[in-house]
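Visitor: Just so it is clear, I am handing over target28.csv, which has CSV, C-alpha atoms and all ligand atoms.
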chain,number,residue,atom,x,y,z
A,1,MET,CA,-3.6,2.3,-18.0
A,2,LEU,CA,-1.1,1.3,-15.5
A,3,ASN,CA,-2.3,0.3,-12.0
A,4,ILE,CA,0.3,-0.6,-9.4
A,5,ILE,CA,-0.4,-2.2,-6.0
A,6,LEU,CA,2.5,-1.1,-3.9
A,7,ALA,CA,2.7,-3.6,-1.1
A,8,GLY,CA,5.0,-4.2,1.8
A,9,ALA,CA,5.2,-4.1,5.6
A,10,PRO,CA,4.9,-0.9,7.6
A,11,GLY,CA,8.0,1.2,7.0
A,12,SER,CA,8.9,-0.7,3.8
A,13,GLY,CA,8.9,2.5,1.8
A,14,LYS,CA,5.4,2.4,0.1
A,15,GLY,CA,4.8,6.1,0.6
A,16,THR,CA,8.3,7.1,-0.4
A,17,GLN,CA,8.4,5.0,-3.6
A,18,SER,CA,4.8,5.9,-4.5
A,19,ALA,CA,5.8,9.6,-4.7
A,20,PHE,CA,8.7,8.7,-7.1
A,21,ILE,CA,6.5,6.5,-9.3
A,22,ALA,CA,3.7,9.0,-9.4
A,23,GLN,CA,6.0,11.7,-10.6
A,24,LYS,CA,7.9,9.5,-13.2
A,25,TYR,CA,4.9,7.8,-14.8
A,26,GLY,CA,2.2,10.5,-14.2
A,27,LEU,CA,0.0,8.2,-12.0
A,28,LYS,CA,-2.4,9.1,-9.2
A,29,HIS,CA,-1.4,8.0,-5.7
A,30,LEU,CA,-4.0,6.6,-3.4
A,31,SER,CA,-2.7,6.0,0.1
A,32,THR,CA,-5.5,4.4,2.1
A,33,GLY,CA,-3.6,5.3,5.3
A,34,ASP,CA,-3.7,9.0,4.3
A,35,VAL,CA,-7.4,8.8,3.5
A,36,LEU,CA,-8.1,7.3,6.9
A,37,ARG,CA,-5.9,9.9,8.7
A,38,ALA,CA,-7.7,12.7,6.9
A,39,GLU,CA,-11.1,11.3,8.2
A,40,ILE,CA,-9.6,11.2,11.7
A,41,ALA,CA,-8.5,14.9,11.3
A,42,THR,CA,-12.1,16.0,10.6
A,43,GLY,CA,-13.1,14.9,14.2
A,44,SER,CA,-16.1,13.0,12.9
A,45,GLU,CA,-17.7,10.0,14.7
A,46,LEU,CA,-16.4,7.7,12.0
A,47,GLY,CA,-12.9,9.3,12.4
A,48,LYS,CA,-13.0,8.5,16.1
A,49,GLN,CA,-13.8,4.8,15.4
A,50,ILE,CA,-11.0,4.7,12.8
A,51,ASP,CA,-8.6,6.4,15.2
A,52,ALA,CA,-9.3,3.7,17.9
A,53,LEU,CA,-8.2,1.0,15.4
A,54,ILE,CA,-5.2,2.8,13.7
A,55,SER,CA,-3.6,4.0,16.9
A,56,LYS,CA,-3.5,0.4,18.2
A,57,GLY,CA,-2.1,-0.9,14.9
A,58,ASN,CA,-5.2,-2.8,13.9
A,59,LEU,CA,-6.8,-2.8,10.4
A,60,VAL,CA,-10.0,-1.0,9.6
A,61,PRO,CA,-12.8,-3.5,8.6
A,62,ASP,CA,-12.9,-4.6,4.9
A,63,ASP,CA,-16.4,-3.2,4.3
A,64,MET,CA,-15.4,0.3,5.4
A,65,MET,CA,-12.4,0.2,3.0
A,66,TYR,CA,-14.6,-1.1,0.2
A,67,GLY,CA,-16.6,2.1,0.2
A,68,VAL,CA,-13.4,4.2,0.0
A,69,ILE,CA,-12.0,2.2,-3.0
A,70,GLU,CA,-15.4,1.9,-4.8
A,71,SER,CA,-15.9,5.7,-4.8
A,72,TYR,CA,-12.3,6.3,-5.8
A,73,ILE,CA,-12.4,4.0,-8.8
A,74,SER,CA,-15.9,5.0,-10.0
A,75,GLY,CA,-14.8,8.7,-9.8
A,76,LEU,CA,-11.6,8.3,-11.9
A,77,PRO,CA,-11.4,10.7,-14.8
A,78,LYS,CA,-11.3,9.1,-18.3
A,79,ASP,CA,-7.9,10.4,-19.1
A,80,CYS,CA,-6.3,8.9,-15.9
A,81,LYS,CA,-3.0,7.2,-16.7
A,82,GLY,CA,-3.4,4.8,-13.7
A,83,THR,CA,-3.2,4.6,-10.0
A,84,ILE,CA,-0.6,3.5,-7.4
A,85,PHE,CA,-2.6,1.8,-4.6
A,86,ASP,CA,-0.5,2.3,-1.5
A,87,GLY,CA,-1.6,0.2,1.4
A,88,TYR,CA,-4.6,-1.4,-0.4
A,89,PRO,CA,-5.4,-4.3,-0.6
A,90,ARG,CA,-4.3,-5.5,2.9
A,91,THR,CA,-6.3,-8.7,3.2
A,92,VAL,CA,-7.2,-11.4,0.7
A,93,ALA,CA,-10.8,-10.3,0.8
A,94,GLN,CA,-9.7,-6.8,-0.2
A,95,ALA,CA,-7.6,-8.2,-3.0
A,96,GLN,CA,-10.6,-10.2,-4.3
A,97,SER,CA,-12.9,-7.2,-4.2
A,98,LEU,CA,-10.3,-5.0,-5.9
A,99,THR,CA,-9.9,-7.5,-8.7
A,100,LYS,CA,-13.7,-7.5,-9.3
A,101,LEU,CA,-13.9,-3.7,-9.1
A,102,LEU,CA,-11.1,-3.3,-11.6
A,103,GLN,CA,-12.6,-5.9,-14.0
A,104,LYS,CA,-15.9,-3.9,-13.9
A,105,TYR,CA,-14.0,-0.9,-15.4
A,106,GLU,CA,-11.9,-3.2,-17.7
A,107,MET,CA,-8.7,-2.5,-15.7
A,108,GLU,CA,-6.0,-4.7,-14.2
A,109,ALA,CA,-3.2,-4.2,-11.7
A,110,ILE,CA,0.3,-5.5,-11.0
A,111,MET,CA,1.6,-6.0,-7.4
A,112,ILE,CA,5.0,-4.7,-6.5
A,113,ASP,CA,6.0,-6.1,-3.1
A,114,LEU,CA,8.7,-4.2,-1.1
A,115,LEU,CA,10.6,-6.8,0.9
A,116,VAL,CA,12.5,-5.3,3.9
A,117,ASP,CA,14.2,-7.0,6.9
A,118,GLU,CA,12.3,-6.5,10.2
A,119,GLN,CA,15.1,-4.8,12.1
A,120,LEU,CA,15.3,-2.1,9.4
A,121,LEU,CA,11.5,-1.6,9.4
A,122,ILE,CA,11.6,-0.9,13.1
A,123,GLN,CA,14.6,1.4,12.8
A,124,ARG,CA,13.0,3.4,10.0
A,125,LEU,CA,9.6,3.8,11.8
A,126,ILE,CA,11.2,4.7,15.2
A,127,GLU,CA,13.2,7.3,13.4
A,128,ARG,CA,10.2,8.7,11.5
A,129,GLY,CA,8.2,8.6,14.8
A,130,LYS,CA,10.4,11.4,16.1
A,131,VAL,CA,8.8,13.8,13.6
A,132,SER,CA,5.8,12.2,12.0
A,133,GLY,CA,3.3,12.8,14.8
A,134,ARG,CA,1.6,9.5,13.9
A,135,ALA,CA,-0.1,7.8,16.8
A,136,ASP,CA,1.1,4.4,15.5
A,137,ASP,CA,4.8,5.2,15.2
A,138,ASN,CA,5.9,3.9,18.7
A,139,LEU,CA,7.7,0.6,19.4
A,140,ASN,CA,4.8,-1.4,20.8
A,141,THR,CA,2.4,-0.4,18.0
A,142,ILE,CA,5.1,-0.8,15.3
A,143,ARG,CA,5.6,-4.4,16.5
A,144,HIS,CA,1.9,-5.0,16.5
A,145,ARG,CA,1.5,-3.5,13.0
A,146,ILE,CA,4.3,-5.9,11.7
A,147,ALA,CA,2.5,-8.9,13.3
A,148,VAL,CA,-0.8,-7.8,11.7
A,149,TYR,CA,1.0,-7.5,8.4
A,150,HIS,CA,2.4,-11.1,8.7
A,151,GLN,CA,-1.0,-12.5,9.7
A,152,GLN,CA,-3.4,-10.6,7.4
A,153,THR,CA,-1.5,-8.9,4.6
A,154,GLU,CA,1.4,-11.1,3.6
A,155,PRO,CA,-1.0,-13.8,2.2
A,156,ILE,CA,-2.1,-11.4,-0.6
A,157,ALA,CA,1.4,-12.0,-2.2
A,158,HIS,CA,0.2,-15.6,-2.9
A,159,TYR,CA,-3.0,-14.3,-4.4
A,160,TYR,CA,-1.1,-12.1,-6.9
A,161,LEU,CA,1.5,-14.8,-7.5
A,162,HIS,CA,-1.3,-17.2,-8.4
A,163,HIS,CA,-2.8,-14.6,-10.8
A,164,GLY,CA,0.6,-14.1,-12.5
A,165,ASN,CA,1.1,-10.4,-11.8
A,166,TYR,CA,3.4,-10.4,-8.8
A,167,PHE,CA,6.8,-8.7,-8.6
A,168,ALA,CA,9.2,-8.6,-5.6
A,169,VAL,CA,11.7,-5.9,-4.9
A,170,ASN,CA,14.5,-5.9,-2.4
A,171,GLY,CA,13.6,-2.9,-0.3
A,172,ASN,CA,16.6,-3.0,2.0
A,173,HIS,CA,18.7,-0.8,-0.3
A,174,THR,CA,18.8,3.0,-0.7
A,175,MET,CA,15.7,4.8,-1.9
A,176,ALA,CA,17.3,5.5,-5.3
A,177,ASP,CA,18.3,1.8,-5.7
A,178,VAL,CA,14.8,0.6,-4.7
A,179,PHE,CA,13.3,3.0,-7.3
A,180,LEU,CA,15.7,1.6,-10.0
A,181,GLN,CA,14.4,-1.9,-9.3
A,182,ILE,CA,10.8,-0.7,-9.5
A,183,MET,CA,11.4,1.2,-12.8
A,184,ARG,CA,12.9,-2.0,-14.4
A,185,ILE,CA,9.7,-3.8,-13.5
A,186,VAL,CA,7.3,-1.1,-14.6
A,187,ASP,CA,9.2,-0.5,-17.9
A,188,GLY,CA,9.3,-4.2,-18.6
A,189,TYR,CA,5.6,-4.5,-17.9
A,190,LYS,CA,4.7,-1.5,-20.1
A,191,ASN,CA,6.8,-2.9,-23.0
A,192,ARG,CA,5.6,-6.5,-22.7
B,1,LIG,P1,-0.4,3.1,6.3
B,1,LIG,O1,-0.5,4.6,6.4
B,1,LIG,O2,-0.5,2.5,5.0
B,1,LIG,O3,0.8,2.7,7.1
B,1,LIG,P2,1.8,1.4,7.0
B,1,LIG,O4,1.4,0.3,6.1
B,1,LIG,O5,2.0,1.0,8.5
B,1,LIG,O6,3.1,1.9,6.4
B,1,LIG,P3,3.8,3.3,6.6
B,1,LIG,O7,3.1,4.4,6.0
B,1,LIG,O8,4.2,3.4,8.1
B,1,LIG,O9,5.2,3.0,5.9
B,1,LIG,P4,5.5,3.0,4.3
B,1,LIG,O10,5.6,1.6,3.8
B,1,LIG,O11,4.6,4.0,3.6
B,1,LIG,O12,7.0,3.6,4.4
B,1,LIG,P5,7.5,5.1,4.2
B,1,LIG,O13,7.7,5.4,2.8
B,1,LIG,O14,6.7,6.1,5.0
B,1,LIG,O15,-1.6,2.5,7.2
B,1,LIG,C1,-1.8,3.0,8.6
B,1,LIG,C2,-3.0,2.3,9.2
B,1,LIG,O16,-4.2,2.6,8.5
B,1,LIG,C3,-2.9,0.7,9.2
B,1,LIG,O17,-2.2,0.2,10.3
B,1,LIG,C4,-4.4,0.4,9.3
B,1,LIG,O18,-4.9,0.6,10.6
B,1,LIG,C5,-5.0,1.5,8.4
B,1,LIG,N1,-5.2,1.0,7.0
B,1,LIG,C6,-4.6,1.6,5.9
B,1,LIG,N2,-4.9,1.0,4.8
B,1,LIG,C7,-5.8,0.0,5.2
B,1,LIG,C8,-6.5,-1.0,4.5
B,1,LIG,N3,-6.4,-1.2,3.1
B,1,LIG,N4,-7.3,-1.9,5.2
B,1,LIG,C9,-7.5,-1.7,6.5
B,1,LIG,N5,-6.8,-0.8,7.3
B,1,LIG,C10,-6.0,0.1,6.6
B,1,LIG,O19,8.9,5.0,4.9
B,1,LIG,C11,9.1,4.8,6.3
B,1,LIG,C12,10.3,5.6,6.7
B,1,LIG,O20,11.5,5.1,6.2
B,1,LIG,C13,10.3,7.1,6.3
B,1,LIG,O21,10.8,7.9,7.3
B,1,LIG,C14,11.2,7.1,5.0
B,1,LIG,O22,11.8,8.3,4.8
B,1,LIG,C15,12.2,6.0,5.3
B,1,LIG,N6,12.6,5.2,4.2
B,1,LIG,C16,11.8,4.8,3.1
B,1,LIG,N7,12.5,4.1,2.2
B,1,LIG,C17,13.8,4.1,2.7
B,1,LIG,C18,15.0,3.5,2.2
B,1,LIG,N8,15.1,2.8,1.1
B,1,LIG,N9,16.2,3.7,2.9
B,1,LIG,C19,16.1,4.4,4.1
B,1,LIG,N10,15.0,5.0,4.6
B,1,LIG,C20,13.9,4.8,3.9
B,2,MG,MG,2.8,5.0,4.1
Step by step, read the file and then write its structure as C-alpha cells.
Guide:
Amino acid sequence: MLNIILAGAPGSGKGTQSAFIAQKYGLKHLSTGDVLRAEIATGSELGKQIDALISKGNLVPDDMMYGVIESYISGLPKDCKGTIFDGYPRTVAQAQSLTKLLQKYEMEAIMIDLLVDEQLLIQRLIERGKVSGRADDNLNTIRHRIAVYHQQTEPIAHYYLHHGNYFAVNGNHTMADVFLQIMRIVDGYKNR
C-alpha cells in the first residue's frame, strides 16, 4: 500500500501531478477541494456554507473535513493500491487525525511537498482563472489563499519531517521534470 500526501501551496501543481502519479502507480486520487466543490454544486445548505468559506479563500473547519476523510478511508476496497491525498491534511490537527486514522487501518503515508516560488504560483492561478470558473481564482483571493497556506498549512511540513517521512520537490520546473523528481522519490520509497 502506497499512500502519498501531495502538499504544496495553491497552484503548486498538486492536481496536475496527482493525475500523473495516479496513472503511473494505479493509486486512487482524493482531492478534498474537488469533494468540497462537488458538495457546493449540489446546492445543499452545507454546500452554501462551504462556498462562503472557499470563495473567500478560507479553510473549511477541521471537524467537517474529518468526516470526509473518515468515510473515504473506511470505505476503501481491500485491493486498493493506495491513495494520493491532494489538499489534505491542511492543518497540523488534520495531520494528527490522519495519522491516527491510517494507523487504525494499519497504513502509513509519505508527504511529498511541492515547493514553488510565490510569483509563479500567482501567475499560474491567474492564467488558470481565465478558464477554470473557480470562484477563488482571482488575484485577491489567490493572495489570501497563499497567506492562509503559510499560516495554517506550511507547519505540517515540520510534522512530517519530525516523523521522518517528508520529501521536498522543486516544483518550479516543467510538469514533466517535476514528475521525474516525484517518481525518483516514490520508486526509492517502494524499493527501500
Ligand atoms: P484546493 O482545490 O485543494 O485548491 P488549492 O490548494 O488552492 O490548490 P489548487 O487546486 O488551486 O492548485 P494545485 O496545487 O492543485 O495546482 P494545479 O495542478 O491545479 O482547495 C480549494 C479550497 O478548498 C481551499 O482554499 C479550502 O477552502 C478548501 N479545502 C480543500 N481542502 C481542504 C482541507 N483539507 N481543509 C480545509 N479546507 C480545505 O496547477 C495550477 C495551474 O498551474 C494549472 O493551470 C496547471 O495547468 C498549471 N501547472 C501545474 N504545474 C505546472 C508546471 N510545472 N509548470 C507550469 N504550469 C503548471
Ligand atoms: Mg488542485
Visitor: How many Å separate CA of Ile54 (chain A) from CA of Gly133 (chain A)?
Guide: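 Going from CA of Ile54 (chain A) over to CA of Gly133 (chain A) covers 13.2 Å.
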Visitor: Just the number, please: distance in Å from CA of Arg184 (chain A) to CA of Gly26 (chain A), one decimal.
Guide: 16.5 Å
Visitor: Which residues of region 90-173 of chain A sit at most 12 Å from region 68-71 of chain A, using all atoms listed in the file? Give each one's shortest atom pair and distance in Å (one decimal place), in chain and ascending residue order, as JSON lines.
Guide:
{"residue": "A:Gln94", "atom": "CA", "partner": "A:Ile69", "partner_atom": "CA", "distance": 9.7}
{"residue": "A:Ala95", "atom": "CA", "partner": "A:Ile69", "partner_atom": "CA", "distance": 11.3}
{"residue": "A:Ser97", "atom": "CA", "partner": "A:Glu70", "partner_atom": "CA", "distance": 9.5}
{"residue": "A:Leu98", "atom": "CA", "partner": "A:Ile69", "partner_atom": "CA", "distance": 7.9}
{"residue": "A:Thr99", "atom": "CA", "partner": "A:Ile69", "partner_atom": "CA", "distance": 11.4}
{"residue": "A:Lys100", "atom": "CA", "partner": "A:Glu70", "partner_atom": "CA", "distance": 10.6}
{"residue": "A:Leu101", "atom": "CA", "partner": "A:Glu70", "partner_atom": "CA", "distance": 7.2}
{"residue": "A:Leu102", "atom": "CA", "partner": "A:Glu70", "partner_atom": "CA", "distance": 9.6}
{"residue": "A:Lys104", "atom": "CA", "partner": "A:Glu70", "partner_atom": "CA", "distance": 10.8}
{"residue": "A:Tyr105", "atom": "CA", "partner": "A:Glu70", "partner_atom": "CA", "distance": 11.1}
Visitor: Which residue out of A:Ile142, A:Ile84, A:Ile73, A:Leu115 has the minimum interatomic distance to Arg128 (chain A) when all atoms listed in the file are used?
Guide: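 Going through A:Ile142, A:Ile84, A:Ile73, A:Leu115 one by one, the smallest distance to Arg128 (chain A) is for A:Ile142.
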Visitor: Would you please work out which residue, of A:Ser18, A:Asn172, A:Thr91, A:Gln181, is nearest to His150 (chain A) when using all atoms listed in the file?
Guide: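 Going through A:Ser18, A:Asn172, A:Thr91, A:Gln181 one by one, the smallest distance to His150 (chain A) is for A:Thr91.
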Visitor: Record the distance separating CA of Gly171 (chain A) and CA of Gln151 (chain A), expressed in Å with one decimal.
Guide: 20.1 Å
Visitor: Near Met111 (chain A), counting all atoms listed in the file, which residues have an atom at most 7 Å away, once you skip same-chain residues fewer than 4 positions from it, shown as a compact mmCIF listing (two decimals) with C-alpha atoms, in the frame of the given file?
Guide:
# COMPACT_ATOMS: atom_id res chain seq x y z
CA ILE A 4 0.30 -0.60 -9.40
CA ILE A 5 -0.40 -2.20 -6.00
CA LEU A 6 2.50 -1.10 -3.90
CA ALA A 7 2.70 -3.60 -1.10
CA TYR A 160 -1.10 -12.10 -6.90
CA ASN A 165 1.10 -10.40 -11.80
CA TYR A 166 3.40 -10.40 -8.80
CA PHE A 167 6.80 -8.70 -8.60
Visitor: Keeping just C-alpha atoms, export region 43-168 of chain A of this structure as a PDB file, in the first residue's frame.
Guide:
ATOM      1  CA  GLY A  43     -26.838  23.409  -3.943  1.00  0.00           C
ATOM      2  CA  SER A  44     -27.306  21.930  -0.436  1.00  0.00           C
ATOM      3  CA  GLU A  45     -27.287  24.024   2.756  1.00  0.00           C
ATOM      4  CA  LEU A  46     -23.906  22.507   3.624  1.00  0.00           C
ATOM      5  CA  GLY A  47     -22.678  23.400   0.126  1.00  0.00           C
ATOM      6  CA  LYS A  48     -23.688  27.022   0.698  1.00  0.00           C
ATOM      7  CA  GLN A  49     -21.712  27.159   3.952  1.00  0.00           C
ATOM      8  CA  ILE A  50     -18.689  25.620   2.208  1.00  0.00           C
ATOM      9  CA  ASP A  51     -18.997  28.045  -0.720  1.00  0.00           C
ATOM     10  CA  ALA A  52     -18.904  31.033   1.642  1.00  0.00           C
ATOM     11  CA  LEU A  53     -15.554  29.802   3.012  1.00  0.00           C
ATOM     12  CA  ILE A  54     -13.908  28.613  -0.217  1.00  0.00           C
ATOM     13  CA  SER A  55     -14.811  31.649  -2.303  1.00  0.00           C
ATOM     14  CA  LYS A  56     -13.031  33.851   0.261  1.00  0.00           C
ATOM     15  CA  GLY A  57     -10.022  31.522   0.337  1.00  0.00           C
ATOM     16  CA  ASN A  58     -10.557  30.338   3.916  1.00  0.00           C
ATOM     17  CA  LEU A  59     -10.254  26.742   5.075  1.00  0.00           C
ATOM     18  CA  VAL A  60     -13.260  24.577   5.884  1.00  0.00           C
ATOM     19  CA  PRO A  61     -13.283  23.583   9.616  1.00  0.00           C
ATOM     20  CA  ASP A  62     -11.241  20.521  10.615  1.00  0.00           C
ATOM     21  CA  ASP A  63     -14.246  18.612  12.015  1.00  0.00           C
ATOM     22  CA  MET A  64     -16.085  18.886   8.702  1.00  0.00           C
ATOM     23  CA  MET A  65     -13.020  17.566   6.840  1.00  0.00           C
ATOM     24  CA  TYR A  66     -12.619  14.714   9.318  1.00  0.00           C
ATOM     25  CA  GLY A  67     -15.982  13.269   8.269  1.00  0.00           C
ATOM     26  CA  VAL A  68     -14.944  13.329   4.604  1.00  0.00           C
ATOM     27  CA  ILE A  69     -11.646  11.533   5.232  1.00  0.00           C
ATOM     28  CA  GLU A  70     -13.059   9.062   7.767  1.00  0.00           C
ATOM     29  CA  SER A  71     -15.759   7.859   5.383  1.00  0.00           C
ATOM     30  CA  TYR A  72     -13.262   7.737   2.482  1.00  0.00           C
ATOM     31  CA  ILE A  73     -10.696   5.615   4.372  1.00  0.00           C
ATOM     32  CA  SER A  74     -13.233   3.295   5.994  1.00  0.00           C
ATOM     33  CA  GLY A  75     -14.785   2.660   2.569  1.00  0.00           C
ATOM     34  CA  LEU A  76     -11.543   1.779   0.759  1.00  0.00           C
ATOM     35  CA  PRO A  77     -11.691  -1.563  -1.079  1.00  0.00           C
ATOM     36  CA  LYS A  78      -9.312  -4.268   0.202  1.00  0.00           C
ATOM     37  CA  ASP A  79      -7.429  -4.413  -3.103  1.00  0.00           C
ATOM     38  CA  CYS A  80      -6.697  -0.657  -3.148  1.00  0.00           C
ATOM     39  CA  LYS A  81      -3.048   0.008  -4.031  1.00  0.00           C
ATOM     40  CA  GLY A  82      -3.079   3.298  -2.141  1.00  0.00           C
ATOM     41  CA  THR A  83      -4.241   6.902  -2.248  1.00  0.00           C
ATOM     42  CA  ILE A  84      -2.881  10.269  -3.214  1.00  0.00           C
ATOM     43  CA  PHE A  85      -4.225  12.768  -0.702  1.00  0.00           C
ATOM     44  CA  ASP A  86      -4.352  16.049  -2.661  1.00  0.00           C
ATOM     45  CA  GLY A  87      -5.006  19.012  -0.378  1.00  0.00           C
ATOM     46  CA  TYR A  88      -5.346  17.031   2.848  1.00  0.00           C
ATOM     47  CA  PRO A  89      -4.086  17.443   5.546  1.00  0.00           C
ATOM     48  CA  ARG A  90      -4.003  21.231   5.588  1.00  0.00           C
ATOM     49  CA  THR A  91      -3.554  21.890   9.308  1.00  0.00           C
ATOM     50  CA  VAL A  92      -1.467  20.188  11.986  1.00  0.00           C
ATOM     51  CA  ALA A  93      -4.710  18.973  13.612  1.00  0.00           C
ATOM     52  CA  GLN A  94      -5.714  17.325  10.301  1.00  0.00           C
ATOM     53  CA  ALA A  95      -2.247  15.716  10.043  1.00  0.00           C
ATOM     54  CA  GLN A  96      -2.606  14.282  13.550  1.00  0.00           C
ATOM     55  CA  SER A  97      -6.065  12.872  12.853  1.00  0.00           C
ATOM     56  CA  LEU A  98      -4.929  11.407   9.510  1.00  0.00           C
ATOM     57  CA  THR A  99      -2.029   9.620  11.226  1.00  0.00           C
ATOM     58  CA  LYS A 100      -4.444   8.104  13.766  1.00  0.00           C
ATOM     59  CA  LEU A 101      -6.932   7.080  11.078  1.00  0.00           C
ATOM     60  CA  LEU A 102      -4.238   5.452   8.930  1.00  0.00           C
ATOM     61  CA  GLN A 103      -2.832   3.622  11.978  1.00  0.00           C
ATOM     62  CA  LYS A 104      -6.301   2.251  12.731  1.00  0.00           C
ATOM     63  CA  TYR A 105      -6.233   0.548   9.314  1.00  0.00           C
ATOM     64  CA  GLU A 106      -2.505  -0.353   9.601  1.00  0.00           C
ATOM     65  CA  MET A 107      -1.484   2.097   6.914  1.00  0.00           C
ATOM     66  CA  GLU A 108       1.074   4.875   6.660  1.00  0.00           C
ATOM     67  CA  ALA A 109       1.777   7.765   4.305  1.00  0.00           C
ATOM     68  CA  ILE A 110       4.676   9.809   2.995  1.00  0.00           C
ATOM     69  CA  MET A 111       4.442  13.525   2.336  1.00  0.00           C
ATOM     70  CA  ILE A 112       5.719  14.968  -0.933  1.00  0.00           C
ATOM     71  CA  ASP A 113       5.884  18.749  -0.734  1.00  0.00           C
ATOM     72  CA  LEU A 114       5.792  20.781  -3.978  1.00  0.00           C
ATOM     73  CA  LEU A 115       7.843  23.934  -3.401  1.00  0.00           C
ATOM     74  CA  VAL A 116       7.097  26.747  -5.859  1.00  0.00           C
ATOM     75  CA  ASP A 117       8.043  30.453  -5.842  1.00  0.00           C
ATOM     76  CA  GLU A 118       5.179  32.793  -4.981  1.00  0.00           C
ATOM     77  CA  GLN A 119       5.308  34.813  -8.229  1.00  0.00           C
ATOM     78  CA  LEU A 120       4.939  31.614 -10.239  1.00  0.00           C
ATOM     79  CA  LEU A 121       2.001  30.428  -8.085  1.00  0.00           C
ATOM     80  CA  ILE A 122       0.167  33.673  -8.738  1.00  0.00           C
ATOM     81  CA  GLN A 123       0.948  33.594 -12.467  1.00  0.00           C
ATOM     82  CA  ARG A 124      -0.301  30.013 -12.824  1.00  0.00           C
ATOM     83  CA  LEU A 125      -3.537  30.638 -10.922  1.00  0.00           C
ATOM     84  CA  ILE A 126      -4.341  33.889 -12.742  1.00  0.00           C
ATOM     85  CA  GLU A 127      -3.822  32.021 -16.009  1.00  0.00           C
ATOM     86  CA  ARG A 128      -5.997  29.103 -14.869  1.00  0.00           C
ATOM     87  CA  GLY A 129      -8.638  31.549 -13.613  1.00  0.00           C
ATOM     88  CA  LYS A 130      -9.332  32.615 -17.210  1.00  0.00           C
ATOM     89  CA  VAL A 131     -10.903  29.202 -17.860  1.00  0.00           C
ATOM     90  CA  SER A 132     -11.401  27.368 -14.528  1.00  0.00           C
ATOM     91  CA  GLY A 133     -14.608  29.059 -13.396  1.00  0.00           C
ATOM     92  CA  ARG A 134     -13.318  28.675  -9.818  1.00  0.00           C
ATOM     93  CA  ALA A 135     -14.612  31.402  -7.507  1.00  0.00           C
ATOM     94  CA  ASP A 136     -11.229  31.502  -5.722  1.00  0.00           C
ATOM     95  CA  ASP A 137      -9.048  32.042  -8.832  1.00  0.00           C
ATOM     96  CA  ASN A 138      -8.884  35.862  -8.679  1.00  0.00           C
ATOM     97  CA  LEU A 139      -5.927  37.938  -7.500  1.00  0.00           C
ATOM     98  CA  ASN A 140      -7.297  38.999  -4.091  1.00  0.00           C
ATOM     99  CA  THR A 141      -8.445  35.511  -3.156  1.00  0.00           C
ATOM    100  CA  ILE A 142      -5.257  33.929  -4.520  1.00  0.00           C
ATOM    101  CA  ARG A 143      -3.173  36.200  -2.265  1.00  0.00           C
ATOM    102  CA  HIS A 144      -5.369  35.314   0.718  1.00  0.00           C
ATOM    103  CA  ARG A 145      -5.137  31.566  -0.067  1.00  0.00           C
ATOM    104  CA  ILE A 146      -1.335  31.841  -0.142  1.00  0.00           C
ATOM    105  CA  ALA A 147      -1.348  33.690   3.209  1.00  0.00           C
ATOM    106  CA  VAL A 148      -3.635  31.015   4.724  1.00  0.00           C
ATOM    107  CA  TYR A 149      -1.255  28.374   3.344  1.00  0.00           C
ATOM    108  CA  HIS A 150       1.745  29.989   5.098  1.00  0.00           C
ATOM    109  CA  GLN A 151      -0.130  30.379   8.387  1.00  0.00           C
ATOM    110  CA  GLN A 152      -2.039  27.127   8.637  1.00  0.00           C
ATOM    111  CA  THR A 153      -0.670  24.562   6.171  1.00  0.00           C
ATOM    112  CA  GLU A 154       3.077  25.091   5.943  1.00  0.00           C
ATOM    113  CA  PRO A 155       3.624  23.912   9.559  1.00  0.00           C
ATOM    114  CA  ILE A 156       2.553  20.382   8.570  1.00  0.00           C
ATOM    115  CA  ALA A 157       5.927  20.021   6.786  1.00  0.00           C
ATOM    116  CA  HIS A 158       7.605  20.067  10.223  1.00  0.00           C
ATOM    117  CA  TYR A 159       5.128  17.477  11.465  1.00  0.00           C
ATOM    118  CA  TYR A 160       6.107  15.025   8.688  1.00  0.00           C
ATOM    119  CA  LEU A 161       9.814  15.957   8.903  1.00  0.00           C
ATOM    120  CA  HIS A 162       9.661  15.081  12.586  1.00  0.00           C
ATOM    121  CA  HIS A 163       8.025  11.739  11.745  1.00  0.00           C
ATOM    122  CA  GLY A 164      10.755  11.013   9.150  1.00  0.00           C
ATOM    123  CA  ASN A 165       8.558  10.677   6.079  1.00  0.00           C
ATOM    124  CA  TYR A 166       8.932  14.079   4.409  1.00  0.00           C
ATOM    125  CA  PHE A 167      10.222  14.654   0.875  1.00  0.00           C
ATOM    126  CA  ALA A 168      10.573  18.031  -0.848  1.00  0.00           C
TER     127      ALA A 168
END
